[in-house]
Structures are given as C-alpha cells and as structure tokens.
Amino acid sequence: MPYARPPGLYDRDVEWSDLIGFVSAKRSRLGLGLVYGRRRFGNSFLLRRLVDAVGGVYHLALEESRAPALGRFAATVGSLYTPAAPVTFDGWDAALRSAVGVLGKRETPQLLILDEYPYLRAQSPELDSVIQALVDDVAGGSLGADWQSRVSIIVCGSAFSVMTDLLSGTAPLRGRAVLDLPLHSFDYRQSRDFWQVADPETAFLLHSIVGGAAGYRDLTGGVAAPERPNEIADWSAATILNPSHALSGKTSTCYGRTHEYPRRPSTTRFSVRWRPARRLSVRSPACWDARASTWAIRSGCWCRPVSSPAKRICLSHRTRCFE
Ligand SMILES: Nc1ncnc2c1ncn2[C@@H]1O[C@H](COP(=O)(O)OP(=O)(O)O)[C@@H](O)[C@H]1O
Ligand SMILES: [Mg+2]
C-alpha cells in the first residue's frame, strides 16, 4: 500500500522506506519493531509522522511510576474507540491486548507506537515478557484470528544501551522483533542541507561543532545560522559557548558518548579548532589531526585512523566512512 511521505520530514528516505516495508509486510498479524537513536536525532518526529501516514496510535511514555503510566496508556486506548470511551487496566498484559485488539479490528494495517519505552520498562519490568507473549499468542493463533488487519508494535527509545539490550542474549524479545532500526545523526552533507548553509567550509565547521542531531537546529533557532566561516565564532559564542544556552557544553556527541552509549570508550577526545586560532576541546564528529595537519570528519560514528590519517574506519559499521 503506498503511503505518502510527510511534508516537512527532511531526508530519512532509507528509514522511511524500511518502516513502510515493515508496516506493510505480509507476515504474522502482529509485528514487532525497534527504533532507537540518541536524543534530538528525530526519533519521535519520524514516528509521529509514520503513525499519521499509516494509522494507529502513538503513545509517549513519561518517567513516572507504574500506576499513572498504566492510567495514561488506558487513556490512549480509550481514545481508539468511537466515540472515545473510558477504560481502565490493572496490568500491562490486559492493556496491550486491548490496544492491539481494537487496532486489529480496523480495515487497514495499524501501528501502536510506544515512545520512550525505557521509561515504561523501568517501572514495569514485566513489559518485555508481556510483549513477547503477545507476539507468540498471535503467531500461535490464540489471538488475532478475528482481526481484519495486521498490527505493528514499534518500541522506541533514546537510551541506546537499554534498547539494544532488548534483543540481546536471553532477553524475552530476542527473536521476536522483525525491525531493528537505529537512527543515525545526519552526515556532513545532510547537515549542510538541513541547516541550509551554502558555504561548504562554514557548513563543515558548523557540523564539526554541533554534529548531525537534527533537533539542535530548533535549539539554536533564535540565532541565525552562520553563512561564512568568520561568523562561526560569534555563532558559537551565542550558542554552545554561552553558559545560559541549552546547548552549552552539550554538543550532540558529548551527550551521546557519556550518557547514551555507555559501552563506548568515554576517554577519546578530539580537538576542534577553527580560525582564527580559536581552540576548543570537545568530543566532536570532526577533528583536527595535528600530525597530518588536516581536518578529518566522521559521519556520526566512531572512527579510527588506518594506514593514512585521511582514511578512517568506522568502528560501528566496519566500513570506510570518508576519505
Ligand atoms: N528528519 C527531520 N526533518 C525535519 N526536522 C527534523 C527531523 N528530525 C528531527 N527534526 C527536528 O528535530 C526536533 C527534535 O526531534 P525529536 O524527534 O523530538 O527528537 P528525539 O529523537 O529526541 O525524539 C523535531 O522537533 C524537529 O524539529
Ligand atoms: Mg523523542
């Protein structure tokens, strides 16, 4: 079934087509998928647009205890009825069975998105097993026989380690998810387009400072993006170097490496330098390689020098990510 790409969604072509493929696949009546990426990468933005295009319901979890979390989910499920009806649940098993039951009665494929899933799971550790049982019951035929359409559940979160652990080892959801989609930051070219900075050197410096987190453009919305290299210093002073700015000391890579990628080494530091002779030590997707006297850029992933300093291997993807 063709689904219109939403206006306002920049790029994410591959992710969009993977998500549409997942939703429309001919498979079991209940599909499970994972989407995860660091904060401000656009996880929620993408999934909200997906549910608008496909149909279904988007539920954003809060960091709250079990009872209010169940209450908020019940309100989401109640809104699926026509007219909306008040419902209550005493556990996640009943709550999720009710949600997929209502969606399955609709005529077209439907989505149930559980955003910020790690918040739910932190207070309700049984949730993974509840979803596992749901998937298995539908696959086994004891649930969903009377559904009109397929239902897909997508769990999403920005706590990278929690999300990747969902499918590891003996975890309940291992072997159940069909989609395992990490959302990456924009690379240099995407960032240049997204920030609409025409000058390549300025775009390069900007990307080296803020990285490819889409949401950082909103956070710096009050300050016009630099158009020339000599505007970078003023722009930085008004944003990331301004102690009262939300981005102060928190470039995208700092956020990720210290808090959301706990398994990655946290000691690696890169130096970012821009003219004239301004030097700032931050973790950054671009670095000044002093030995080679050249800028090196990384596309949102961990790289290390190989034979030539200008060629690096991406440790996440085992591919050469730039030359
Ligand atoms: N692909 C995109 N196209 C346009 N804007 C985007 C895109 N991805 C993210 N954004 C912007 O970034 C902001 C933050 O995205 P959001 O999805 O809330 O981040 P998170 O990954 O933390 O859930 C959005 O409000 C939107 O303005
Ligand atoms: Mg979000």
# chains A, B, ... in the order shown; residues from 1 in each chain; ligands from 1

$ select_by_dssp --residues "region 27-235 of chain A" --states "strand (DSSP E or B)" --output "PDB file with N, CA and C atoms, in the first residue's frame"
ATOM      1  N   LEU A  30       0.826  -9.829  13.831  1.00  0.00           N
ATOM      2  CA  LEU A  30       1.407  -8.864  14.767  1.00  0.00           C
ATOM      3  C   LEU A  30       2.911  -8.802  14.558  1.00  0.00           C
ATOM      4  N   GLY A  31       3.409  -7.616  14.206  1.00  0.00           N
ATOM      5  CA  GLY A  31       4.853  -7.444  14.000  1.00  0.00           C
ATOM      6  C   GLY A  31       5.427  -6.568  15.096  1.00  0.00           C
ATOM      7  N   LEU A  32       6.680  -6.825  15.430  1.00  0.00           N
ATOM      8  CA  LEU A  32       7.343  -6.018  16.460  1.00  0.00           C
ATOM      9  C   LEU A  32       8.600  -5.387  15.871  1.00  0.00           C
ATOM     10  N   GLY A  33       8.781  -4.108  16.136  1.00  0.00           N
ATOM     11  CA  GLY A  33       9.973  -3.410  15.645  1.00  0.00           C
ATOM     12  C   GLY A  33      10.564  -2.513  16.711  1.00  0.00           C
ATOM     13  N   LEU A  34      11.876  -2.260  16.577  1.00  0.00           N
ATOM     14  CA  LEU A  34      12.579  -1.352  17.495  1.00  0.00           C
ATOM     15  C   LEU A  34      13.140  -0.194  16.687  1.00  0.00           C
ATOM     16  N   VAL A  35      12.972   1.009  17.201  1.00  0.00           N
ATOM     17  CA  VAL A  35      13.603   2.193  16.614  1.00  0.00           C
ATOM     18  C   VAL A  35      14.289   2.925  17.753  1.00  0.00           C
ATOM     19  N   TYR A  36      15.560   3.258  17.571  1.00  0.00           N
ATOM     20  CA  TYR A  36      16.261   3.945  18.653  1.00  0.00           C
ATOM     21  C   TYR A  36      17.362   4.822  18.096  1.00  0.00           C
ATOM     22  N   GLY A  56      -3.245   4.393  13.326  1.00  0.00           N
ATOM     23  CA  GLY A  56      -2.942   3.721  14.583  1.00  0.00           C
ATOM     24  C   GLY A  56      -2.791   4.739  15.682  1.00  0.00           C
ATOM     25  N   VAL A  57      -1.926   4.442  16.627  1.00  0.00           N
ATOM     26  CA  VAL A  57      -1.820   5.329  17.774  1.00  0.00           C
ATOM     27  C   VAL A  57      -0.369   5.456  18.247  1.00  0.00           C
ATOM     28  N   TYR A  58      -0.030   6.678  18.660  1.00  0.00           N
ATOM     29  CA  TYR A  58       1.311   6.990  19.161  1.00  0.00           C
ATOM     30  C   TYR A  58       1.171   7.264  20.649  1.00  0.00           C
ATOM     31  N   HIS A  59       1.934   6.543  21.457  1.00  0.00           N
ATOM     32  CA  HIS A  59       1.870   6.750  22.905  1.00  0.00           C
ATOM     33  C   HIS A  59       3.244   7.152  23.415  1.00  0.00           C
ATOM     34  N   LEU A  60       3.319   8.320  24.035  1.00  0.00           N
ATOM     35  CA  LEU A  60       4.579   8.810  24.585  1.00  0.00           C
ATOM     36  C   LEU A  60       4.603   8.552  26.080  1.00  0.00           C
ATOM     37  N   GLN A 110      -2.315  -1.287  10.982  1.00  0.00           N
ATOM     38  CA  GLN A 110      -2.296  -0.288  12.052  1.00  0.00           C
ATOM     39  C   GLN A 110      -1.007  -0.375  12.861  1.00  0.00           C
ATOM     40  N   LEU A 111      -0.653   0.749  13.465  1.00  0.00           N
ATOM     41  CA  LEU A 111       0.572   0.847  14.260  1.00  0.00           C
ATOM     42  C   LEU A 111       0.265   1.187  15.710  1.00  0.00           C
ATOM     43  N   LEU A 112       1.003   0.571  16.600  1.00  0.00           N
ATOM     44  CA  LEU A 112       0.996   1.002  18.005  1.00  0.00           C
ATOM     45  C   LEU A 112       2.428   1.399  18.335  1.00  0.00           C
ATOM     46  N   ILE A 113       2.645   2.683  18.580  1.00  0.00           N
ATOM     47  CA  ILE A 113       3.998   3.150  18.876  1.00  0.00           C
ATOM     48  C   ILE A 113       4.128   3.457  20.357  1.00  0.00           C
ATOM     49  N   LEU A 114       5.109   2.839  20.970  1.00  0.00           N
ATOM     50  CA  LEU A 114       5.398   3.104  22.388  1.00  0.00           C
ATOM     51  C   LEU A 114       6.722   3.859  22.445  1.00  0.00           C
ATOM     52  N   ASP A 115       6.615   5.186  22.502  1.00  0.00           N
ATOM     53  CA  ASP A 115       7.827   6.015  22.511  1.00  0.00           C
ATOM     54  C   ASP A 115       8.314   6.172  23.951  1.00  0.00           C
ATOM     55  N   VAL A 151      -1.294  -5.659  12.711  1.00  0.00           N
ATOM     56  CA  VAL A 151      -0.919  -4.616  13.674  1.00  0.00           C
ATOM     57  C   VAL A 151       0.593  -4.700  13.869  1.00  0.00           C
ATOM     58  N   SER A 152       1.230  -3.532  13.895  1.00  0.00           N
ATOM     59  CA  SER A 152       2.677  -3.498  14.157  1.00  0.00           C
ATOM     60  C   SER A 152       2.920  -2.683  15.414  1.00  0.00           C
ATOM     61  N   ILE A 153       3.712  -3.252  16.308  1.00  0.00           N
ATOM     62  CA  ILE A 153       4.111  -2.505  17.507  1.00  0.00           C
ATOM     63  C   ILE A 153       5.540  -2.022  17.295  1.00  0.00           C
ATOM     64  N   ILE A 154       5.765  -0.727  17.505  1.00  0.00           N
ATOM     65  CA  ILE A 154       7.136  -0.216  17.463  1.00  0.00           C
ATOM     66  C   ILE A 154       7.471   0.337  18.839  1.00  0.00           C
ATOM     67  N   VAL A 155       8.531  -0.177  19.434  1.00  0.00           N
ATOM     68  CA  VAL A 155       9.004   0.400  20.684  1.00  0.00           C
ATOM     69  C   VAL A 155      10.218   1.268  20.355  1.00  0.00           C
ATOM     70  N   CYS A 156      10.232   2.439  20.961  1.00  0.00           N
ATOM     71  CA  CYS A 156      11.251   3.428  20.613  1.00  0.00           C
ATOM     72  C   CYS A 156      11.873   3.987  21.886  1.00  0.00           C
ATOM     73  N   GLY A 157      13.137   4.357  21.813  1.00  0.00           N
ATOM     74  CA  GLY A 157      13.769   4.961  22.979  1.00  0.00           C
ATOM     75  C   GLY A 157      15.098   5.563  22.614  1.00  0.00           C
ATOM     76  N   LEU A 179      11.993  -5.689  12.950  1.00  0.00           N
ATOM     77  CA  LEU A 179      12.671  -4.443  12.570  1.00  0.00           C
ATOM     78  C   LEU A 179      13.573  -4.002  13.722  1.00  0.00           C
ATOM     79  N   ASP A 180      14.816  -3.683  13.397  1.00  0.00           N
ATOM     80  CA  ASP A 180      15.776  -3.219  14.408  1.00  0.00           C
ATOM     81  C   ASP A 180      16.490  -2.024  13.778  1.00  0.00           C
ATOM     82  N   LEU A 181      15.917  -0.843  13.996  1.00  0.00           N
ATOM     83  CA  LEU A 181      16.333   0.322  13.213  1.00  0.00           C
ATOM     84  C   LEU A 181      16.996   1.398  14.082  1.00  0.00           C
ATOM     85  N   PRO A 182      18.331   1.469  14.055  1.00  0.00           N
ATOM     86  CA  PRO A 182      18.986   2.582  14.754  1.00  0.00           C
ATOM     87  C   PRO A 182      18.951   3.833  13.876  1.00  0.00           C
TER      88      PRO A 182
END

$ residues_around --residues "region 202-204 of chain A" --least-positions-apart "4" --cutoff "6 Å" --atoms "only C-alpha atoms" --output "number ranges by chain"
A: 192, 197, 228-229

$ write_last_selection --atoms "C-alpha atoms" --output "PDB file, in the first residue's frame"
ATOM      1  CA  ARG A 192      24.638  21.232   5.313  1.00  0.00           C
ATOM      2  CA  VAL A 197      24.314  26.678   4.907  1.00  0.00           C
ATOM      3  CA  ARG A 228      30.536  32.464   6.387  1.00  0.00           C
ATOM      4  CA  PRO A 229      33.461  30.934   8.311  1.00  0.00           C
TER       5      PRO A 229
END

$ residues_around --residues "region 134-143 of chain A" --least-positions-apart "3" --cutoff "7 Å" --atoms "only C-alpha atoms" --output "PyMOL selection string"
chain A and resi 28-30+130-131

$ closest_atom_pairs --of "region 126-198 of chain A" --to "region 38-43 of chain A" --cutoff "10 Å" --atoms "only C-alpha atoms" --output "tab-separated table"
residue	atom	partner	partner_atom	distance
A:Cys156	CA	A:Asn43	CA	7.5
A:Gly157	CA	A:Asn43	CA	7.9
A:Ser158	CA	A:Arg38	CA	4.8
A:Ala159	CA	A:Arg38	CA	7.0
A:Phe160	CA	A:Arg38	CA	6.9
A:Pro182	CA	A:Arg38	CA	9.1
A:Leu183	CA	A:Asn43	CA	7.0
A:His184	CA	A:Phe41	CA	7.1
A:Ser185	CA	A:Phe41	CA	5.9
A:Phe186	CA	A:Phe41	CA	8.2

$ atom_distance --atom1 "CA of Val23 (chain A)" --atom2 "CA of Pro109 (chain A)"
7.0 Å

$ closest_residue --among "A:Leu47, A:Leu103, A:Leu167, A:Ala237" --to "ligand 2" --atoms "only C-alpha atoms and all ligand atoms"
A:Leu47

$ closest_residue --among "A:Ala53, A:Ile209, A:Leu46, A:Ala4" --to "ligand 1" --atoms "only C-alpha atoms and all ligand atoms"
A:Leu46

$ closest_residue --among "A:Asp218, A:Asp90, A:Glu64, A:Asp193" --to "ligand 1" --atoms "only C-alpha atoms and all ligand atoms"
A:Asp218

$ atom_distance --atom1 "CA of Ala122 (chain A)" --atom2 "CA of Arg72 (chain A)"
15.8 Å

$ atom_distance --atom1 "CA of Gly37 (chain A)" --atom2 "CA of Glu126 (chain A)"
23.3 Å

$ closest_residue --among "A:Gln190, A:Ser24, A:Val102, A:Pro68" --to "ligand 1" --atoms "only C-alpha atoms and all ligand atoms"
A:Gln190

$ closest_residue --among "A:Tyr119, A:Phe194, A:Tyr3, A:Trp235" --to "ligand 1" --atoms "only C-alpha atoms and all ligand atoms"
A:Phe194

$ residues_around --residues "Glu231 (chain A)" --least-positions-apart "4" --cutoff "12 Å" --atoms "only C-alpha atoms" --output "NGL selection string"
:A and (197 or 199 or 201-203 or 205-206 or 223-227 or 235-238 or 274-276)

$ write_last_selection --atoms "C-alpha atoms" --output "compact mmCIF listing (two decimals), in the first residue's frame"
# COMPACT_ATOMS: atom_id res chain seq x y z
CA VAL A 197 24.31 26.68 4.91
CA ASP A 199 29.19 27.74 2.00
CA GLU A 201 33.61 25.49 4.77
CA THR A 202 31.07 27.13 7.07
CA ALA A 203 28.86 24.07 6.87
CA LEU A 205 32.77 23.91 10.74
CA LEU A 206 29.17 24.02 11.93
CA VAL A 223 20.37 32.72 16.44
CA ALA A 224 20.76 32.86 12.67
CA ALA A 225 22.94 30.06 11.30
CA PRO A 226 26.36 31.27 10.19
CA GLU A 227 26.79 31.88 6.49
CA TRP A 235 27.51 31.94 16.46
CA SER A 236 29.32 29.64 18.89
CA ALA A 237 29.59 32.41 21.47
CA ALA A 238 25.82 32.90 21.28
CA TRP A 274 38.69 26.98 13.78
CA ARG A 275 40.30 30.07 12.52
CA PRO A 276 41.49 32.41 13.75

$ closest_residue --among "A:Gly91, A:Glu116, A:Thr220, A:Leu50" --to "ligand 2" --atoms "only C-alpha atoms and all ligand atoms"
A:Glu116
